[in-house]
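Data first, discussion second: the structure below is written as structure tokens.
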Amino acid sequence: MTNLTTSATAKKNTDDQVGTLNTIQSTDLVTAFDNLALCIAKFCDLLNNEQPACWVALAEDEQTLEPLQKARSYYQDIWYRDQQDGRETRSCHGLVMASDEVIQLAQEANQAKDVFKSLVQQVQKTDKDLWLSQKAQLNTRHQSLRKQLYYTGLGRIHLKQLYRHIPILAHRPEKIGFTWYSNGRSIKKLTIAQAEVKLLAMGEEKVHIQQQLQKLNTLPEHETLAQIQTQVPVVRANLVFKLMNEKGHVETVRKAMNVSLPLLVPQEGSPFMPKYNQIEEQPPAARTRIARNDFKICEEVFLPSLRVHRYI
């Protein structure tokens, strides 16, 4: 009887501890999300008050929109829109001149994003049910923040859009050249055995899988294959800086970075924007880069279900 009582008491204490842990995590998530929303709102309110020089790409139906209004909306864009594909991440390229105060608030917002991301990842690993219940609660918060956006029909939280940092340049560049990078591909090498395992996992009984397994069996055992994933088009900012080096001489420094939100450019005593170019709001449909002569992968797909090609 004593053992049973002790066991029951231990179980109750464990349950209480788990319940307390969940409560703390729940409270932490809400607090972190509220702080994040507040930081973003303060940052955007200051932008609205200061009205700095700004340029962002506008779609055809946005030509009457103020560029800064669109920039602010994208900085606050942390929800899915109705009917939005779950794999889609909205982006907007451009630049906003930023005072020291604006940059400080943007840094605080980025720190708040990191804190919330860390908490979410911890809860997702330890208690998925808790995360799902809390996510539903967070989706209904901050209606006032949603109303500041120029589009409507917002749904659940979009974590990828929420996690991404407001891009802050450390120095004012001389020039910003925007370009579409729409030919990106990630290439992973696979052995014959690895490709076979992946195909079998997709259903050995399926006719199209059987056909690909037969093709695979015709290859030499030690041949290496290439699995190719086409990447989503992104806008790349090519930055040109004039910086003082250690010898006191001005030198040209170039840097390239992908951008999904308007760049914050330090004013550094000048409210005017650096030189920049304007590109189309959507990526070009056709390939814009010349194919490399040393690209040694067959263009024809060998195993369609795995997006696997052979090397030439």
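Chain identifiers are assigned as A, B, and so on, following the order in which chains appear in the structure tokens; residues are numbered from 1 within each chain, and ligands are numbered from 1 in order of appearance.
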
Show which residues sit within 12 Å of range 218-230 of chain A, as a ChimeraX atom specification. Count only C-alpha atoms, and ignore same-chain residues fewer than 5 positions away. /A:181-196,198,211-213,295-312

I need the chosen residues saved as a CSV table (one decimal), in the first residue's frame, with N, CA and C atoms.
chain,number,residue,atom,x,y,z
A,181,TYR,N,17.6,36.9,-59.3
A,181,TYR,CA,18.3,35.6,-59.4
A,181,TYR,C,17.3,34.5,-59.4
A,182,SER,N,17.1,34.1,-60.7
A,182,SER,CA,16.0,33.1,-60.9
A,182,SER,C,16.4,31.8,-61.4
A,183,ASN,N,17.8,31.5,-61.4
A,183,ASN,CA,18.3,30.3,-61.9
A,183,ASN,C,19.0,29.4,-60.9
A,184,GLY,N,18.7,29.7,-59.6
A,184,GLY,CA,19.4,29.0,-58.6
A,184,GLY,C,18.9,27.5,-58.5
A,185,ARG,N,19.9,26.6,-58.3
A,185,ARG,CA,19.6,25.2,-58.1
A,185,ARG,C,20.5,24.6,-57.0
A,186,SER,N,19.9,23.9,-56.2
A,186,SER,CA,20.8,23.1,-55.2
A,186,SER,C,21.0,21.7,-55.8
A,187,ILE,N,22.2,21.3,-55.7
A,187,ILE,CA,22.6,20.0,-56.2
A,187,ILE,C,23.2,19.1,-55.1
A,188,LYS,N,22.6,17.9,-55.0
A,188,LYS,CA,23.0,17.0,-54.0
A,188,LYS,C,23.4,15.7,-54.7
A,189,LYS,N,24.6,15.2,-54.4
A,189,LYS,CA,25.1,13.9,-55.0
A,189,LYS,C,24.5,12.7,-54.3
A,190,LEU,N,24.0,11.7,-55.1
A,190,LEU,CA,23.4,10.5,-54.5
A,190,LEU,C,24.2,9.3,-55.1
A,191,THR,N,24.3,8.3,-54.3
A,191,THR,CA,24.8,7.0,-54.8
A,191,THR,C,23.6,6.2,-55.4
A,192,ILE,N,24.0,5.1,-56.1
A,192,ILE,CA,22.9,4.3,-56.6
A,192,ILE,C,22.1,3.7,-55.5
A,193,ALA,N,22.8,3.3,-54.4
A,193,ALA,CA,22.1,2.7,-53.3
A,193,ALA,C,21.1,3.7,-52.6
A,194,GLN,N,21.6,4.9,-52.4
A,194,GLN,CA,20.7,5.9,-51.8
A,194,GLN,C,19.5,6.2,-52.7
A,195,ALA,N,19.7,6.3,-54.0
A,195,ALA,CA,18.5,6.5,-54.9
A,195,ALA,C,17.6,5.4,-54.8
A,196,GLU,N,18.1,4.2,-54.7
A,196,GLU,CA,17.2,3.0,-54.6
A,196,GLU,C,16.3,3.0,-53.3
A,198,LYS,N,15.4,5.7,-51.6
A,198,LYS,CA,14.4,6.7,-51.7
A,198,LYS,C,13.3,6.3,-52.6
A,211,GLN,N,9.4,1.1,-62.8
A,211,GLN,CA,10.1,1.5,-64.0
A,211,GLN,C,11.4,2.2,-63.7
A,212,GLN,N,11.4,3.1,-62.7
A,212,GLN,CA,12.6,3.9,-62.4
A,212,GLN,C,13.6,3.0,-61.7
A,213,LEU,N,13.1,2.0,-60.9
A,213,LEU,CA,14.1,1.0,-60.3
A,213,LEU,C,14.8,0.2,-61.4
A,295,PHE,N,29.2,22.9,-67.1
A,295,PHE,CA,28.1,22.3,-66.4
A,295,PHE,C,28.0,20.8,-66.9
A,296,LYS,N,28.3,19.8,-66.1
A,296,LYS,CA,28.4,18.5,-66.5
A,296,LYS,C,27.3,17.6,-66.0
A,297,ILE,N,26.1,18.1,-66.0
A,297,ILE,CA,25.0,17.3,-65.6
A,297,ILE,C,24.0,17.3,-66.8
A,298,CYS,N,23.5,16.1,-67.1
A,298,CYS,CA,22.5,16.0,-68.2
A,298,CYS,C,21.3,16.8,-67.9
A,299,GLU,N,20.8,17.5,-68.9
A,299,GLU,CA,19.6,18.3,-68.7
A,299,GLU,C,18.4,17.4,-68.6
A,300,GLU,N,18.4,16.3,-69.2
A,300,GLU,CA,17.3,15.3,-69.2
A,300,GLU,C,17.2,14.6,-67.9
A,301,VAL,N,16.1,14.6,-67.2
A,301,VAL,CA,15.9,14.0,-65.9
A,301,VAL,C,16.0,12.5,-66.1
A,302,PHE,N,16.7,11.8,-65.2
A,302,PHE,CA,16.8,10.3,-65.3
A,302,PHE,C,15.8,9.6,-64.4
A,303,LEU,N,15.6,10.1,-63.2
A,303,LEU,CA,14.6,9.6,-62.2
A,303,LEU,C,13.6,10.7,-61.9
A,304,PRO,N,12.5,10.8,-62.6
A,304,PRO,CA,11.6,12.0,-62.4
A,304,PRO,C,11.1,12.1,-61.0
A,305,SER,N,10.8,11.0,-60.3
A,305,SER,CA,10.2,11.1,-59.0
A,305,SER,C,11.2,11.7,-58.0
A,306,LEU,N,12.5,11.6,-58.2
A,306,LEU,CA,13.5,12.1,-57.3
A,306,LEU,C,14.2,13.4,-57.8
A,307,ARG,N,13.8,13.8,-59.0
A,307,ARG,CA,14.5,14.9,-59.7
A,307,ARG,C,16.0,14.6,-59.8
A,308,VAL,N,16.3,13.4,-60.2
A,308,VAL,CA,17.7,12.9,-60.3
A,308,VAL,C,18.1,12.9,-61.7
A,309,HIS,N,19.4,13.4,-61.9
A,309,HIS,CA,20.0,13.5,-63.3
A,309,HIS,C,21.3,12.7,-63.2
A,310,ARG,N,21.8,12.3,-64.4
A,310,ARG,CA,23.1,11.7,-64.5
A,310,ARG,C,24.1,12.8,-64.8
A,311,TYR,N,25.3,12.5,-64.4
A,311,TYR,CA,26.5,13.3,-64.8
A,311,TYR,C,26.9,12.9,-66.2
A,312,ILE,N,27.4,13.8,-67.0
A,312,ILE,CA,27.9,13.5,-68.3
A,312,ILE,C,29.2,12.9,-68.2

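CA of Arg164 in chain A to CA of Ser260 in chain A spans 8.5 Å [interatomic distance, one decimal].
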
What lies within 10 Å of Ser99 in chain A using only C-alpha atoms, ignoring chain neighbours under 4 positions off, as a ChimeraX atom specification? /A:46-47,50,52,103-104,264-271

Produce a file of the selected residues containing N, CA and C atoms, as a PDB file, in the first residue's frame.
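Now in part_3.pdb:
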ATOM      1  N   LEU A  46       7.479  54.803 -35.858  1.00  0.00           N
ATOM      2  CA  LEU A  46       8.550  55.791 -35.994  1.00  0.00           C
ATOM      3  C   LEU A  46       8.834  56.088 -37.462  1.00  0.00           C
ATOM      4  N   LEU A  47       8.808  55.053 -38.300  1.00  0.00           N
ATOM      5  CA  LEU A  47       8.964  55.284 -39.738  1.00  0.00           C
ATOM      6  C   LEU A  47       7.867  56.203 -40.257  1.00  0.00           C
ATOM      7  N   GLU A  50       8.617  59.794 -39.059  1.00  0.00           N
ATOM      8  CA  GLU A  50       9.774  60.443 -39.667  1.00  0.00           C
ATOM      9  C   GLU A  50       9.628  60.620 -41.178  1.00  0.00           C
ATOM     10  N   PRO A  52      10.871  58.934 -43.879  1.00  0.00           N
ATOM     11  CA  PRO A  52      12.161  59.004 -44.566  1.00  0.00           C
ATOM     12  C   PRO A  52      12.022  58.734 -46.063  1.00  0.00           C
ATOM     13  N   ILE A 103      17.027  52.532 -36.706  1.00  0.00           N
ATOM     14  CA  ILE A 103      17.884  51.348 -36.712  1.00  0.00           C
ATOM     15  C   ILE A 103      17.862  50.657 -35.352  1.00  0.00           C
ATOM     16  N   GLN A 104      17.874  51.429 -34.277  1.00  0.00           N
ATOM     17  CA  GLN A 104      17.825  50.836 -32.946  1.00  0.00           C
ATOM     18  C   GLN A 104      16.542  50.039 -32.741  1.00  0.00           C
ATOM     19  N   LEU A 264      17.186  48.621 -44.805  1.00  0.00           N
ATOM     20  CA  LEU A 264      17.334  49.828 -44.015  1.00  0.00           C
ATOM     21  C   LEU A 264      18.744  50.375 -44.249  1.00  0.00           C
ATOM     22  N   VAL A 265      18.825  51.593 -44.782  1.00  0.00           N
ATOM     23  CA  VAL A 265      20.106  52.207 -45.125  1.00  0.00           C
ATOM     24  C   VAL A 265      20.395  53.334 -44.136  1.00  0.00           C
ATOM     25  N   PRO A 266      21.503  53.281 -43.392  1.00  0.00           N
ATOM     26  CA  PRO A 266      21.829  54.361 -42.454  1.00  0.00           C
ATOM     27  C   PRO A 266      21.958  55.710 -43.177  1.00  0.00           C
ATOM     28  N   GLN A 267      21.353  56.721 -42.610  1.00  0.00           N
ATOM     29  CA  GLN A 267      21.412  58.037 -43.252  1.00  0.00           C
ATOM     30  C   GLN A 267      22.826  58.620 -43.202  1.00  0.00           C
ATOM     31  N   GLU A 268      23.529  58.420 -42.103  1.00  0.00           N
ATOM     32  CA  GLU A 268      24.909  58.905 -41.955  1.00  0.00           C
ATOM     33  C   GLU A 268      25.045  60.371 -42.385  1.00  0.00           C
ATOM     34  N   GLY A 269      24.122  61.202 -41.886  1.00  0.00           N
ATOM     35  CA  GLY A 269      24.198  62.635 -42.140  1.00  0.00           C
ATOM     36  C   GLY A 269      23.535  63.097 -43.421  1.00  0.00           C
ATOM     37  N   SER A 270      23.040  62.167 -44.227  1.00  0.00           N
ATOM     38  CA  SER A 270      22.375  62.556 -45.482  1.00  0.00           C
ATOM     39  C   SER A 270      21.051  61.818 -45.619  1.00  0.00           C
ATOM     40  N   PRO A 271      19.945  62.559 -45.797  1.00  0.00           N
ATOM     41  CA  PRO A 271      18.649  61.897 -45.917  1.00  0.00           C
ATOM     42  C   PRO A 271      18.382  61.339 -47.318  1.00  0.00           C
TER      43      PRO A 271
END

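You will find CA of Val56 in chain A at 7.5 Å from CA of Lys70 in chain A.
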
Give me the residues within 9 Å of Val253 in chain A as a PyMOL selection string, counting only C-alpha atoms and dropping any in the same chain fewer than 5 places off. chain A and resi 239-243

File dump, residues just selected, N, CA and C atoms, as a short mmCIF file (atom, residue, chain, number, x, y, z; two decimals), in the first residue's frame:
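Writing the result to result-v7.cif gives the following:
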data_model
loop_
_atom_site.label_atom_id
_atom_site.label_comp_id
_atom_site.auth_asym_id
_atom_site.auth_seq_id
_atom_site.Cartn_x
_atom_site.Cartn_y
_atom_site.Cartn_z
N LEU A 239 25.74 45.51 -53.52
CA LEU A 239 26.06 46.74 -52.80
C LEU A 239 27.50 47.17 -53.09
N VAL A 240 27.68 48.47 -53.32
CA VAL A 240 29.00 49.04 -53.54
C VAL A 240 29.26 50.08 -52.46
N PHE A 241 30.30 49.86 -51.65
CA PHE A 241 30.65 50.77 -50.57
C PHE A 241 31.98 51.46 -50.86
N LYS A 242 32.11 52.68 -50.37
CA LYS A 242 33.39 53.38 -50.37
C LYS A 242 33.80 53.51 -48.90
N LEU A 243 34.75 52.69 -48.46
CA LEU A 243 35.11 52.62 -47.06
C LEU A 243 36.58 52.95 -46.85
#

Hey, what's within 10 Å of Lys275 in chain A if we count only C-alpha atoms and toss same-chain stuff fewer than 4 positions away? As a list of chain:residue names, please? A:Pro173, A:Glu174, A:Lys175, A:Ile176, A:Gly177, A:Val240

Restricting to only C-alpha atoms, whichever of A:Met273, A:Val115, A:Met257, A:Ile279 is closest to Leu95 in chain A is A:Met273

Taking the DSSP assignment computed from this structure's backbone, write out as a PyMOL selection string all residues of range 62-128 of chain A that belong to helix (DSSP H, G or I). chain A and resi 62+67-75+100-126+128

Residue nearest Leu132 in chain A - candidates A:Leu29, A:Leu200, A:Val207, A:Leu68, atoms counted: only C-alpha atoms: A:Leu29

Calculated over only C-alpha atoms, which of the candidates A:Asp28, A:Val259, A:Arg90, A:Cys44 has the smallest distance to Gln69 in chain A?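 Distance minimum relative to Gln69 in chain A lands on A:Cys44.
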
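Using only C-alpha atoms for every distance, the candidate list A:Phe43, A:Trp131, A:Phe178, A:Phe33 yields A:Phe43 as the residue closest to Gln76 in chain A.
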